[in-house]
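Peer 1: Before I ask anything, here is the structure I am working with.
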Amino acid sequence: MVEVRYFAAVADAVGKDTETLDLPPGATIADLRSRLTETYGPGLDKMLAVCAYLMGDELTRDSTATLTPRVDVMPPFAGG
């Protein structure tokens with residue numbers, strides 16, 4: 001089980017801030033993206049492709065990274 005927390009535009013796109021997904025041990029960010037795209041539609045994948053994924057203390061965009069029990073999906077934020 002993986003707790004997925006969504007932020008900003010991604011949370012708006014999926015209509016929630018968090019959910020728990022049943023993904024197999026060893027699942028990767030690519031697997032997570034596939035599951036989310038299957039669930040929420042192909043338009044979401046374009047957004048997920050530019051997101052960063054926070055797992056523990058590691059922020060990554062590497063689609064081969066193995067998921068941790070909690071993953072934060074963070075779209076690019078505008079800043080100044």
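By order in the structure tokens, chains are A, B, ...; within a chain, residues start at 1; ligands start at 1, following the order shown.
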Tell me which protein, DNA and RNA residues are within 12 Å of A:Gly26, counting only C-alpha atoms, leaving out same-chain ones fewer than 5 positions away, and put them as a list of chain:residue names.
Peer 2: A:Met1, A:Val2, A:Asp31, A:Leu32, A:Thr64, A:Ala65, A:Thr66, A:Leu67, A:Thr68, A:Pro69
Peer 1: Give me, please, the distance in Å between atom CA of A:Pro76 and atom CA of A:Arg35, quoted to one decimal.
Peer 2: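 A separation of 20.9 Å between them.
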Peer 1: Name the residues in contact with A:Tyr6 at a cut-off of 10 Å, using only C-alpha atoms, excluding same-chain residues fewer than 2 positions from it; report them as an MDAnalysis selection string.
Peer 2: chainID A and resid 3:4 8:19 53 71:75
Peer 1: Check chain A with DSSP on the backbone and list each residue it calls strand (DSSP E), as a list of chain:residue names.
Peer 2: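 Assigned to strand (DSSP E), within chain A: A:Val2, A:Glu3, A:Val4, A:Arg5, A:Tyr6, A:Thr18, A:Glu19, A:Thr20, A:Leu21, A:Ala52, A:Tyr53, A:Leu54, A:Met55, A:Glu58, A:Leu59, A:Thr60, A:Arg70, A:Val71, A:Asp72, A:Val73, A:Met74.
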Peer 1: So the first atom is atom CA of A:Pro42 and the second is atom CA of A:Asp57; what is the distance between them in Å, to one decimal place?
Peer 2: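 Going from atom CA of A:Pro42 over to atom CA of A:Asp57, I get 29.2 Å.
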Peer 1: Ranking A:Leu36, A:Ala27, A:Leu21, A:Ala49 by minimum distance to A:Arg61 and counting only C-alpha atoms, which one comes first?
Peer 2: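 Answer, going by the shortest atom-to-atom distance: A:Ala49.
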Peer 1: Mind the document's chain letters and residue numbers, and return as a list in words the residues of stretch 14-76 of chain A that DSSP labels helix (DSSP H, G or I).
Peer 2: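 Here are the helix (DSSP H, G or I) residues of stretch 14-76 of chain A: Val14, Ile29, Ala30, Asp31, Leu32, Arg33, Ser34, Arg35, Leu36, Thr37, Glu38, Thr39, Tyr40, Gly43, Leu44, Asp45, Lys46, Met47 and Leu48 of chain A.
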Peer 1: Output C-alpha atoms for every residue in that selection, as a PDB file, in the first residue's frame.
Peer 2:
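Okay, part_31.pdb is ready:
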```
ATOM      1  CA  VAL A  14      -7.816  14.241  -9.250  1.00  0.00           C
ATOM      2  CA  ILE A  29       7.094   6.111 -10.190  1.00  0.00           C
ATOM      3  CA  ALA A  30       6.334   4.877 -13.726  1.00  0.00           C
ATOM      4  CA  ASP A  31       3.940   2.305 -12.234  1.00  0.00           C
ATOM      5  CA  LEU A  32       2.289   5.013 -10.144  1.00  0.00           C
ATOM      6  CA  ARG A  33       1.894   7.256 -13.187  1.00  0.00           C
ATOM      7  CA  SER A  34       0.343   4.389 -15.148  1.00  0.00           C
ATOM      8  CA  ARG A  35      -2.146   3.656 -12.372  1.00  0.00           C
ATOM      9  CA  LEU A  36      -3.098   7.319 -12.011  1.00  0.00           C
ATOM     10  CA  THR A  37      -3.486   7.725 -15.770  1.00  0.00           C
ATOM     11  CA  GLU A  38      -5.714   4.626 -15.917  1.00  0.00           C
ATOM     12  CA  THR A  39      -7.832   5.981 -13.060  1.00  0.00           C
ATOM     13  CA  TYR A  40      -8.053   9.676 -13.930  1.00  0.00           C
ATOM     14  CA  GLY A  43      -4.770  14.006 -19.747  1.00  0.00           C
ATOM     15  CA  LEU A  44      -3.290  13.593 -16.275  1.00  0.00           C
ATOM     16  CA  ASP A  45      -0.098  11.947 -17.574  1.00  0.00           C
ATOM     17  CA  LYS A  46       1.033  15.184 -19.205  1.00  0.00           C
ATOM     18  CA  MET A  47       0.862  16.863 -15.802  1.00  0.00           C
ATOM     19  CA  LEU A  48       2.514  13.926 -14.001  1.00  0.00           C
TER      20      LEU A  48
END
```
